[in-house]
Amino acid sequence: MNFIEQLRTLDPRDPGRWPTTVRAFFVGLIFVASAVVFWYLLVWTQDRPQLLRAEAEEQTLRQEFMTKQQRAANLDAYKAQLAEMRRSFGAMLRQLPGRTEVPNLLVDISQTGLAAGLQEKLFQPGPEVDKGFYAELPIRIRLVGSYHEFGKFVSGIAALPRIVTLHDIQITPVDSHGGDFDDLTMDVTAKTYRYIEDEKSGGKAPAGKMGGAK
């Protein structure tokens, strides 16, 4: 009689008469089940929070590794980008006048308006504003002329070899009494910028070419 047939002929009400192999099997089965229950209660339940923390830490470390691996792969591109940024920054610094060049730049701005055929009613440089490594010099300007002449003035400012930006532009008609009906008044604030570190280093930024209107 095989083991399966022995199980079929067992009397569940009289386990004492079961064959030795069957009783050994069920004792072992009960032992294994008890061990599993005790393991779950004493080991798994207590160690599960630690396991979850370890899994979360593993995910964090994996993400950090992938991030650092990506940065390492792009290191050469980052270095090239940094070098390009330094070159661009240096080019912009060369377009900021030193203190000794500011008076000549103010003359250039004024002459740009006159060359465009405009009448200069006001040209008033304001106090410098410290912006950290550079200073901002605002200039209040009032010009009288036509739209076409204003366009020539803006183009001339953009063509200056130093950075000059135009702000707060207001164009209004001129009072027609004793004047030309086509004349307009433009109030504008021009701003130029001076490299402060140029004074500390005692150097002089070489000339560049850039202008702009805002």
# chains A, B, ... in the order shown; residues from 1 in each chain; ligands from 1
$ residues_around --residues "stretch 119-133 of chain A" --least-positions-apart "4" --cutoff "8 Å" --atoms "only C-alpha atoms" --output "list in words"
Ser110, Gly113, Leu114, Leu137, Pro138, Ile139, Arg140, Ile141, Arg142, Leu143, Val144, Gly145, Tyr195, Ile196 and Glu197 of chain A
$ atom_distance --atom1 "atom CA of A:Glu64" --atom2 "atom CA of A:Gln50"
20.9 Å
$ closest_residue --among "A:Val174, A:Val27, A:Ala33, A:Leu160" --to "A:Val107" --atoms "only C-alpha atoms"
A:Leu160
$ select_by_dssp --residues "stretch 68-157 of chain A" --states "helix (DSSP H, G or I)" --output "ChimeraX atom specification"
/A:68-73,75-93,99-115,147-157
$ closest_residue --among "A:Pro161, A:Ser155, A:Pro49, A:Phe25" --to "A:Glu101" --atoms "only C-alpha atoms"
A:Pro161
